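Shown next: structure_33.txt, containing compact mmCIF, C-alpha atoms.
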```
# COMPACT_ATOMS: atom_id res chain seq x y z
CA MET A 1 -31.95 -8.83 24.74
CA GLU A 2 -28.32 -8.56 25.81
CA LYS A 3 -25.96 -7.60 23.00
CA GLN A 4 -23.40 -10.29 22.22
CA PRO A 5 -19.74 -9.17 22.33
CA VAL A 6 -18.03 -8.96 18.96
CA LYS A 7 -15.59 -11.80 18.40
CA LEU A 8 -11.91 -10.88 18.31
CA LEU A 9 -11.30 -11.93 14.70
CA ASP A 10 -14.38 -9.99 13.58
CA GLN A 11 -12.92 -6.95 15.37
CA VAL A 12 -9.68 -7.51 13.44
CA ARG A 13 -11.54 -7.68 10.13
CA SER A 14 -13.55 -4.53 10.91
CA LYS A 15 -10.43 -2.57 11.84
CA ILE A 16 -8.60 -3.71 8.72
CA ARG A 17 -11.52 -2.65 6.50
CA LEU A 18 -11.78 0.67 8.31
CA LYS A 19 -8.15 1.32 7.36
CA HIS A 20 -8.84 0.20 3.76
CA TYR A 21 -6.25 -2.58 3.77
CA SER A 22 -6.51 -5.08 0.92
CA ILE A 23 -8.36 -8.37 1.28
CA ARG A 24 -5.03 -10.18 0.85
CA THR A 25 -3.68 -8.36 3.93
CA GLU A 26 -6.90 -9.13 5.81
CA GLN A 27 -6.66 -12.83 5.05
CA ALA A 28 -2.96 -12.97 5.95
CA TYR A 29 -3.34 -11.09 9.25
CA VAL A 30 -6.38 -13.09 10.37
CA GLY A 31 -4.51 -16.30 9.50
CA TRP A 32 -1.46 -15.35 11.59
CA ILE A 33 -3.56 -14.26 14.56
CA LYS A 34 -5.42 -17.58 14.45
CA ARG A 35 -2.10 -19.46 14.41
CA PHE A 36 -0.85 -17.39 17.35
CA ILE A 37 -3.97 -18.19 19.40
CA PHE A 38 -3.88 -21.92 18.58
CA PHE A 39 -0.13 -22.07 19.29
CA HIS A 40 -0.94 -20.98 22.84
CA ASP A 41 -3.82 -23.46 23.34
CA LYS A 42 -6.57 -21.00 22.40
CA GLN A 43 -5.75 -18.48 25.11
CA HIS A 44 -7.03 -14.95 24.49
CA PRO A 45 -4.22 -12.63 23.32
CA LYS A 46 -4.99 -10.19 26.18
CA ASP A 47 -3.72 -12.90 28.54
CA LEU A 48 -0.52 -13.36 26.53
CA GLY A 49 2.54 -11.17 26.82
CA GLN A 50 5.98 -10.54 25.40
CA VAL A 51 7.33 -14.03 26.16
CA HIS A 52 4.42 -15.66 24.34
CA ILE A 53 4.96 -13.44 21.28
CA GLU A 54 8.70 -14.21 21.26
CA ASN A 55 8.08 -17.96 21.59
CA PHE A 56 5.66 -17.93 18.65
CA LEU A 57 7.98 -15.95 16.37
CA SER A 58 10.97 -18.11 17.36
CA HIS A 59 8.93 -21.24 16.63
CA LEU A 60 8.22 -19.94 13.12
CA ALA A 61 11.94 -19.43 12.49
CA VAL A 62 13.21 -22.68 14.05
CA LYS A 63 10.47 -25.26 13.58
CA GLY A 64 8.52 -23.63 10.78
CA ASN A 65 11.68 -22.72 8.85
CA VAL A 66 9.86 -19.72 7.38
CA ALA A 67 11.46 -16.98 5.30
CA ALA A 68 12.34 -13.67 6.93
CA SER A 69 9.54 -11.90 5.04
CA THR A 70 7.01 -14.46 6.31
CA GLN A 71 8.13 -14.01 9.91
CA ASN A 72 7.92 -10.23 9.48
CA GLN A 73 4.37 -10.54 8.21
CA ALA A 74 3.43 -12.59 11.31
CA PHE A 75 5.09 -9.93 13.49
CA ASN A 76 3.13 -7.15 11.76
CA ALA A 77 -0.13 -9.07 12.19
CA LEU A 78 0.44 -9.34 15.95
CA LEU A 79 1.51 -5.70 16.10
CA PHE A 80 -1.77 -4.74 14.42
CA LEU A 81 -3.77 -6.95 16.79
CA TYR A 82 -2.32 -5.50 19.97
CA ARG A 83 -2.05 -1.84 18.98
CA GLU A 84 -4.95 -1.27 16.62
CA VAL A 85 -7.57 -3.77 17.80
CA MET A 86 -6.97 -4.30 21.53
CA GLY A 87 -5.36 -0.93 22.25
CA ILE A 88 -2.46 -2.54 24.11
CA GLU A 89 1.05 -1.19 23.65
CA PHE A 90 3.10 -3.76 21.78
CA PRO A 91 6.49 -4.58 23.33
CA SER A 92 9.23 -2.62 21.58
CA ASN A 93 12.02 -5.03 22.51
CA ILE A 94 10.83 -8.34 21.05
CA ASN A 95 13.76 -10.73 21.35
CA SER A 96 12.91 -13.72 19.20
CA LEU A 97 15.11 -15.82 16.96
CA ARG A 98 14.92 -14.15 13.56
CA ALA A 99 14.58 -15.98 10.28
CA LYS A 100 17.48 -15.20 7.98
CA GLY A 101 16.68 -13.20 4.90
CA PRO A 102 18.14 -14.69 1.72
CA GLN A 103 20.93 -12.68 0.15
CA ARG A 104 19.70 -13.27 -3.37
CA ARG A 105 20.01 -11.00 -6.33
CA PRO A 106 16.97 -10.63 -8.52
CA THR A 107 16.58 -12.73 -11.63
CA VAL A 108 17.00 -10.53 -14.70
CA LEU A 109 16.22 -11.45 -18.29
CA THR A 110 18.16 -10.21 -21.29
CA ARG A 111 16.21 -8.13 -23.79
CA ASN A 112 16.15 -11.10 -26.18
CA GLU A 113 14.78 -13.37 -23.45
CA VAL A 114 12.04 -10.87 -22.61
CA PHE A 115 10.83 -10.80 -26.21
CA GLU A 116 11.15 -14.57 -26.61
CA ILE A 117 8.75 -14.98 -23.69
CA ILE A 118 6.40 -12.27 -24.97
CA ASN A 119 6.36 -13.88 -28.43
CA SER A 120 5.48 -17.22 -26.80
CA MET A 121 2.31 -15.66 -25.39
CA SER A 122 -0.89 -14.33 -26.91
CA GLY A 123 -4.05 -12.45 -26.03
CA VAL A 124 -4.55 -10.60 -22.77
CA PHE A 125 -1.65 -12.27 -20.95
CA GLN A 126 0.79 -11.11 -23.61
CA LEU A 127 -0.53 -7.56 -23.23
CA VAL A 128 -0.19 -7.69 -19.44
CA VAL A 129 3.44 -8.84 -19.71
CA LYS A 130 4.15 -6.00 -22.13
CA VAL A 131 2.75 -3.63 -19.50
CA LEU A 132 4.89 -5.25 -16.78
CA TYR A 133 8.11 -4.91 -18.74
CA GLY A 134 7.26 -1.66 -20.48
CA CYS A 135 6.20 0.15 -17.29
CA GLY A 136 8.11 -1.57 -14.48
CA MET A 137 4.98 -2.51 -12.56
CA ARG A 138 4.50 -5.15 -9.92
CA GLY A 139 2.21 -7.96 -11.02
CA ILE A 140 -0.59 -6.99 -8.64
CA GLU A 141 -0.36 -3.36 -9.80
CA SER A 142 -0.91 -4.34 -13.41
CA VAL A 143 -4.04 -6.44 -12.79
CA ARG A 144 -5.50 -3.75 -10.51
CA LEU A 145 -5.31 -1.01 -13.14
CA ARG A 146 -8.58 0.88 -13.73
CA VAL A 147 -9.67 2.40 -17.05
CA GLN A 148 -9.16 5.96 -15.77
CA ASP A 149 -5.56 5.19 -14.80
CA ILE A 150 -4.45 5.06 -18.44
CA ASP A 151 -3.87 8.49 -19.96
CA PHE A 152 -3.36 8.13 -23.72
CA GLY A 153 -3.08 11.89 -24.21
CA MET A 154 -0.17 12.23 -21.77
CA ASN A 155 1.31 8.79 -22.60
CA GLN A 156 1.36 7.83 -18.94
CA ILE A 157 -0.20 5.42 -16.46
CA MET A 158 -1.19 6.26 -12.90
CA ILE A 159 -0.51 3.47 -10.39
CA ARG A 160 -2.78 4.07 -7.41
CA SER A 161 -2.41 2.90 -3.80
CA ALA A 162 0.72 0.92 -4.58
CA LYS A 163 3.05 -0.47 -1.93
CA GLY A 164 2.99 1.90 1.04
CA GLN A 165 -0.41 3.24 -0.15
CA LYS A 166 1.35 5.70 -2.47
CA ASP A 167 0.41 6.76 -6.00
CA ARG A 168 3.00 7.11 -8.73
CA ILE A 169 3.18 7.75 -12.47
CA THR A 170 4.99 5.68 -15.07
CA MET A 171 5.22 5.88 -18.85
CA LEU A 172 2.79 4.35 -21.32
CA PRO A 173 4.93 2.66 -23.99
CA GLU A 174 4.01 3.92 -27.44
CA SER A 175 4.37 0.42 -28.88
CA ILE A 176 1.39 -0.90 -26.88
CA ALA A 177 -0.90 2.16 -26.97
CA GLU A 178 -2.99 0.96 -29.92
CA SER A 179 -3.20 -2.59 -28.54
CA LEU A 180 -4.45 -1.17 -25.25
CA ARG A 181 -7.05 0.96 -27.03
CA GLY A 182 -8.35 -2.08 -28.87
CA HIS A 183 -8.36 -4.15 -25.68
CA LEU A 184 -10.35 -1.46 -23.83
CA GLU A 185 -12.96 -1.40 -26.60
CA TYR A 186 -13.42 -5.14 -26.09
CA VAL A 187 -13.63 -4.70 -22.29
CA LYS A 188 -16.17 -1.88 -22.71
CA ASN A 189 -18.48 -4.11 -24.75
CA PHE A 190 -18.01 -6.81 -22.11
CA HIS A 191 -19.01 -4.27 -19.43
CA LYS A 192 -22.12 -3.20 -21.36
CA LYS A 193 -23.25 -6.82 -21.50
CA ASP A 194 -22.71 -7.18 -17.74
CA LEU A 195 -24.85 -4.09 -17.14
CA ALA A 196 -27.58 -5.47 -19.37
CA ASP A 197 -27.48 -8.73 -17.40
CA GLY A 198 -27.91 -6.88 -14.10
CA TYR A 199 -24.27 -6.88 -13.03
CA GLY A 200 -21.47 -4.51 -14.05
CA SER A 201 -20.33 -3.33 -10.63
CA VAL A 202 -16.70 -3.40 -9.52
CA TYR A 203 -15.06 -3.26 -6.10
CA LEU A 204 -14.36 0.21 -4.73
CA PRO A 205 -12.81 1.06 -1.37
CA ASN A 206 -15.55 1.93 1.16
CA ALA A 207 -14.77 5.65 1.26
CA LEU A 208 -15.04 5.95 -2.53
CA SER A 209 -18.24 3.93 -2.78
CA ARG A 210 -19.86 6.25 -0.24
CA LYS A 211 -18.52 9.41 -1.85
CA TYR A 212 -19.37 8.56 -5.46
CA LYS A 213 -22.80 6.98 -5.73
CA ASN A 214 -23.13 4.44 -8.57
CA ALA A 215 -19.42 4.84 -9.38
CA GLU A 216 -18.97 1.08 -9.05
CA LYS A 217 -20.88 0.63 -12.32
CA SER A 218 -19.28 3.50 -14.23
CA TRP A 219 -16.88 2.74 -17.08
CA ILE A 220 -13.88 4.66 -15.73
CA TRP A 221 -13.74 2.55 -12.55
CA GLN A 222 -13.73 -0.80 -14.35
CA TYR A 223 -10.61 -2.95 -14.34
CA VAL A 224 -8.43 -2.82 -17.46
CA PHE A 225 -7.81 -6.55 -17.17
CA PRO A 226 -11.05 -8.06 -15.84
CA SER A 227 -11.58 -11.70 -14.99
CA VAL A 228 -13.49 -13.78 -17.53
CA GLN A 229 -15.79 -14.99 -14.74
CA LEU A 230 -18.06 -13.23 -12.28
CA SER A 231 -17.37 -13.92 -8.62
CA VAL A 232 -18.87 -13.22 -5.21
CA ASP A 233 -17.11 -10.51 -3.21
CA PRO A 234 -16.13 -12.26 0.07
CA ARG A 235 -16.63 -9.03 2.05
CA SER A 236 -19.95 -7.75 0.71
CA GLY A 237 -21.48 -10.88 -0.85
CA VAL A 238 -22.12 -8.92 -4.07
CA THR A 239 -21.57 -10.71 -7.39
CA ARG A 240 -19.01 -8.71 -9.37
CA ARG A 241 -16.40 -9.00 -12.08
CA HIS A 242 -13.05 -8.80 -10.32
CA HIS A 243 -9.68 -8.27 -11.96
CA LEU A 244 -7.55 -10.97 -13.57
CA HIS A 245 -6.02 -13.22 -10.90
CA LEU A 246 -2.28 -12.88 -10.36
CA ASN A 247 -1.94 -16.68 -10.16
CA SER A 248 -3.43 -17.01 -13.66
CA LEU A 249 -0.92 -14.49 -14.97
CA ASN A 250 2.04 -16.30 -13.41
CA GLN A 251 0.77 -19.61 -14.74
CA ALA A 252 0.68 -18.16 -18.27
CA ILE A 253 4.20 -16.80 -17.80
CA ARG A 254 5.53 -20.17 -16.66
CA LYS A 255 4.01 -21.82 -19.72
CA ALA A 256 5.62 -19.22 -22.03
CA VAL A 257 9.01 -19.61 -20.33
CA LYS A 258 8.85 -23.37 -20.90
CA LEU A 259 7.90 -22.88 -24.55
CA SER A 260 10.77 -20.44 -25.10
CA GLY A 261 13.29 -22.83 -23.53
CA ILE A 262 14.67 -20.25 -21.06
CA SER A 263 16.24 -21.89 -18.01
CA LYS A 264 15.52 -19.15 -15.44
CA HIS A 265 12.92 -18.90 -12.71
CA VAL A 266 10.59 -16.26 -14.12
CA THR A 267 7.55 -14.68 -12.45
CA SER A 268 5.60 -11.49 -13.10
CA HIS A 269 8.09 -9.65 -10.86
CA THR A 270 11.04 -10.68 -13.07
CA PHE A 271 9.88 -8.24 -15.75
CA ARG A 272 10.02 -5.38 -13.22
CA HIS A 273 13.62 -6.36 -12.36
CA SER A 274 14.46 -6.50 -16.06
CA PHE A 275 12.83 -3.11 -16.69
CA ALA A 276 15.02 -1.44 -14.05
CA THR A 277 18.23 -3.17 -15.12
CA HIS A 278 17.74 -2.39 -18.82
CA LEU A 279 17.06 1.29 -18.03
CA LEU A 280 20.34 1.41 -16.09
CA GLU A 281 22.12 -0.21 -19.02
CA SER A 282 20.70 2.52 -21.24
CA GLY A 283 22.21 5.19 -19.00
CA TYR A 284 19.14 6.47 -17.16
CA ASP A 285 19.65 8.13 -13.78
CA ILE A 286 19.15 5.94 -10.68
CA ARG A 287 16.82 8.53 -9.10
CA THR A 288 14.58 8.52 -12.17
CA ILE A 289 14.36 4.74 -12.01
CA GLN A 290 13.63 4.96 -8.27
CA ASP A 291 10.64 7.22 -9.00
CA LEU A 292 9.34 4.95 -11.77
CA LEU A 293 9.57 1.90 -9.50
CA GLY A 294 8.09 3.70 -6.50
CA HIS A 295 10.92 2.77 -4.14
CA LYS A 296 10.92 4.71 -0.88
CA ASP A 297 14.70 4.45 -0.50
CA VAL A 298 17.24 4.67 -3.32
CA SER A 299 19.22 1.86 -1.66
CA THR A 300 16.46 -0.54 -2.78
CA THR A 301 16.94 0.60 -6.37
CA MET A 302 20.71 0.34 -6.08
CA ILE A 303 20.52 -3.47 -6.15
CA TYR A 304 20.07 -3.23 -9.92
CA THR A 305 23.53 -1.71 -10.28
CA HIS A 306 24.85 -5.11 -9.17
CA VAL A 307 22.98 -7.13 -11.77
CA LEU A 308 23.90 -5.21 -14.90
CA ASN A 309 24.76 -7.45 -17.81
CA LYS A 310 28.51 -7.40 -17.19
CA GLY A 311 28.98 -10.45 -14.99
CA GLY A 312 31.48 -11.08 -12.20
CA ARG A 313 31.34 -7.52 -10.77
CA ALA A 314 32.28 -6.14 -14.22
CA VAL A 315 35.84 -7.49 -13.82
CA LYS A 316 37.38 -8.68 -17.08
CA SER A 317 38.61 -12.28 -16.90
CA PRO A 318 42.33 -12.82 -17.58
CA LEU A 319 41.28 -15.49 -20.07
CA ASP A 320 39.78 -12.71 -22.20
CA GLU A 321 42.97 -10.64 -22.20
CA PRO A 322 44.88 -10.83 -25.51
CA TYR A 323 47.84 -13.23 -25.35
CA GLY A 324 51.20 -11.51 -25.16
CA ALA A 325 49.74 -8.16 -24.18
```
Target format structure tokens, applied to this file:
Amino acid sequence: MEKQPVKLLDQVRSKIRLKHYSIRTEQAYVGWIKRFIFFHDKQHPKDLGQVHIENFLSHLAVKGNVAASTQNQAFNALLFLYREVMGIEFPSNINSLRAKGPQRRPTVLTRNEVFEIINSMSGVFQLVVKVLYGCGMRGIESVRLRVQDIDFGMNQIMIRSAKGQKDRITMLPESIAESLRGHLEYVKNFHKKDLADGYGSVYLPNALSRKYKNAEKSWIWQYVFPSVQLSVDPRSGVTRRHHLHLNSLNQAIRKAVKLSGISKHVTSHTFRHSFATHLLESGYDIRTIQDLLGHKDVSTTMIYTHVLNKGGRAVKSPLDEPYGA
């Protein structure tokens, strides 16, 4: 029987999994490649060249009115398709209309606003927000934490395979250490029940699951903030307990912001911005903050010097000058 050729999108998925990219990246890249193919009337990408790529990216900017980051993601998906999957050199001089990146400064909460929001929350979501603000994590980093990543003895947390596939260390705030211990005891009992019910496994990257047999059911690899529901892994078809969904966290944050009466657009990432800004206000070195945030370039961290709580570029208004001075 003649072997059927592997479909292009299946090749994309296989290559992405071989490189251990996240399922979110897989879904995004496959989605963009599909859109690219349909945009050109279902022609195979091997029959499409630089002009076709430029037309698609320009269409996203002009007709789709997408953000610069969205257009860049589409570009990276096509780059991956041509270079990694089809083995075709991607044109280095793509000349498409580029979506303009917004020149926005990050939303930063005052310390009082942070604690008003925290006090408007309860349970696991309150604890996650304390971790976000207390450690400067991204939202996805917090929900992906594993039990072994928290080191109570050293008062630190290891953030693994963060942006850029890099590990980094941040502090474990003393004020939440006991709450975390109590939470982990609850999660451990939850895990024991899952094991007794025939479940208890957790997602591990392919290389780790091959290297450490049965590690997927061990306590140290479990998520610190697991989902309350079991779900089917879309890649393996195995029923597992995944981590808390980032959308659920942001929904809880929006509810708390509304309850606290704060008129700012707040997401899980806002607490990371606030963490960095408040450390700068306290006099910590910009390089130290860069390391804690995991920024590759200090220029990314420097944006927080522009949002310190001084307003108007730290210039004192003439209205505030004493009369007759």
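Separating atom CA of A:Phe271 from atom CA of A:Gly134 is a distance of 8.5 Å.
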**Request:** Counting all atoms listed in the file, figure out which residue out of A:Lys42, A:Arg105, A:Glu54, A:Ser120 gets nearest to A:Ser92.
**Result:** A:Glu54
**Request:** Rank nothing, just name the residue among A:Tyr29, A:Tyr212, A:Tyr21, A:Phe75 nearest to A:Gln50, using all atoms listed in the file.
**Result:**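 Closest to A:Gln50, using all atoms listed in the file: A:Phe75.
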Closest pair table for stretch 95-151 of chain A residues within 10 Å of stretch 245-248 of chain A, only C-alpha atoms, as a tab-separated table:
```
residue	atom	partner	partner_atom	distance
A:Phe125	CA	A:Ser248	CA	8.9
A:Gly139	CA	A:Leu246	CA	6.7
A:Ile140	CA	A:Leu246	CA	6.4
A:Glu141	CA	A:Leu246	CA	9.7
A:Ser142	CA	A:Leu246	CA	9.2
A:Val143	CA	A:Leu246	CA	7.1
A:Arg144	CA	A:His245	CA	9.5
```
Generate a file of the selected residues that holds C-alpha atoms, formatted as a PDB file, in the coordinates of the input.
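Output (again_27.pdb):
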```pdb
ATOM      1  CA  PHE A 125      -1.650 -12.270 -20.950  1.00  0.00           C
ATOM      2  CA  GLY A 139       2.210  -7.960 -11.020  1.00  0.00           C
ATOM      3  CA  ILE A 140      -0.590  -6.990  -8.640  1.00  0.00           C
ATOM      4  CA  GLU A 141      -0.360  -3.360  -9.800  1.00  0.00           C
ATOM      5  CA  SER A 142      -0.910  -4.340 -13.410  1.00  0.00           C
ATOM      6  CA  VAL A 143      -4.040  -6.440 -12.790  1.00  0.00           C
ATOM      7  CA  ARG A 144      -5.500  -3.750 -10.510  1.00  0.00           C
TER       8      ARG A 144
END
```
Close residues, stretch 176-191 of chain A itself excluded, 7 Å, only C-alpha atoms, min 4 positions apart in chain, as a CSV table (one decimal) with C-alpha atoms, in the coordinates of the input:
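Saved the output as part38.csv:
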```csv
chain,number,residue,atom,x,y,z
A,195,LEU,CA,-24.8,-4.1,-17.1
A,200,GLY,CA,-21.5,-4.5,-14.0
A,224,VAL,CA,-8.4,-2.8,-17.5
```
**Item:** Distance of atom CA of A:Leu259 from atom CA of A:Ile118, expressed in Å to one decimal place
**Value:** 10.7 Å
Please tabulate, as CSV, the residues of stretch 91-208 of chain A that come within 12 Å of stretch 292-305 of chain A, each with its closest pair of atoms and the distance in Å to one decimal, counting all atoms listed in the file and ordering rows by chain, then residue number upward.
```
residue,atom,partner,partner_atom,distance
A:Gln103,CA,A:Ile303,CA,11.2
A:Arg104,CA,A:Ile303,CA,10.2
A:Arg105,CA,A:Ile303,CA,7.5
A:Pro106,CA,A:Tyr304,CA,8.1
A:Thr107,CA,A:Tyr304,CA,10.3
A:Val108,CA,A:Tyr304,CA,9.3
A:Leu132,CA,A:Leu293,CA,11.2
A:Tyr133,CA,A:Leu293,CA,11.6
A:Gly134,CA,A:Leu292,CA,11.1
A:Cys135,CA,A:Leu292,CA,8.0
A:Gly136,CA,A:Leu293,CA,6.2
A:Met137,CA,A:Leu293,CA,7.1
A:Arg138,CA,A:Leu293,CA,8.7
A:Glu141,CA,A:Leu293,CA,11.2
A:Gln156,CA,A:Leu292,CA,11.1
A:Ile157,CA,A:Leu292,CA,10.6
A:Met158,CA,A:Leu292,CA,10.7
A:Ile159,CA,A:Gly294,CA,9.4
A:Arg160,CA,A:Gly294,CA,10.9
A:Ser161,CA,A:Gly294,CA,10.9
A:Ala162,CA,A:Gly294,CA,8.1
A:Lys163,CA,A:Gly294,CA,8.0
A:Gly164,CA,A:Lys296,CA,8.6
A:Gln165,CA,A:Gly294,CA,10.6
A:Lys166,CA,A:Gly294,CA,8.1
A:Asp167,CA,A:Gly294,CA,8.3
A:Arg168,CA,A:Gly294,CA,6.5
A:Ile169,CA,A:Leu292,CA,6.8
A:Thr170,CA,A:Leu292,CA,5.5
A:Met171,CA,A:Leu292,CA,8.2
A:Leu172,CA,A:Leu292,CA,11.6
```
**Message:** As an exercise, work out the distance from atom CA of A:Val12 to atom CA of A:Val85 in Å and give it to one decimal place.
**Reply:** 6.1 Å
**Item:** Nearest residue to A:Ile150 from the set A:Ile23, A:Pro205, A:Ser122, A:Tyr223 (distances using all atoms listed in the file)
**Value:**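 Ranked by minimum distance to A:Ile150, first place goes to A:Tyr223.
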**Polymer residues at most 12 Å from A:Lys217, only C-alpha atoms, same-chain spacing of 3 or more positions, as a list in words** = Lys188, His191, Lys192, Asp194, Leu195, Ala196, Gly198, Tyr199, Gly200, Ser201, Val202, Tyr203, Leu204, Ser209, Tyr212, Lys213, Asn214, Ile220, Trp221, Gln222, Tyr223, Arg240 and Arg241 of chain A
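Shortest atom-to-atom contact with A:Gly261 among A:Thr277, A:Val51, A:Asp285, A:Glu116: A:Glu116, counting all atoms listed in the file.
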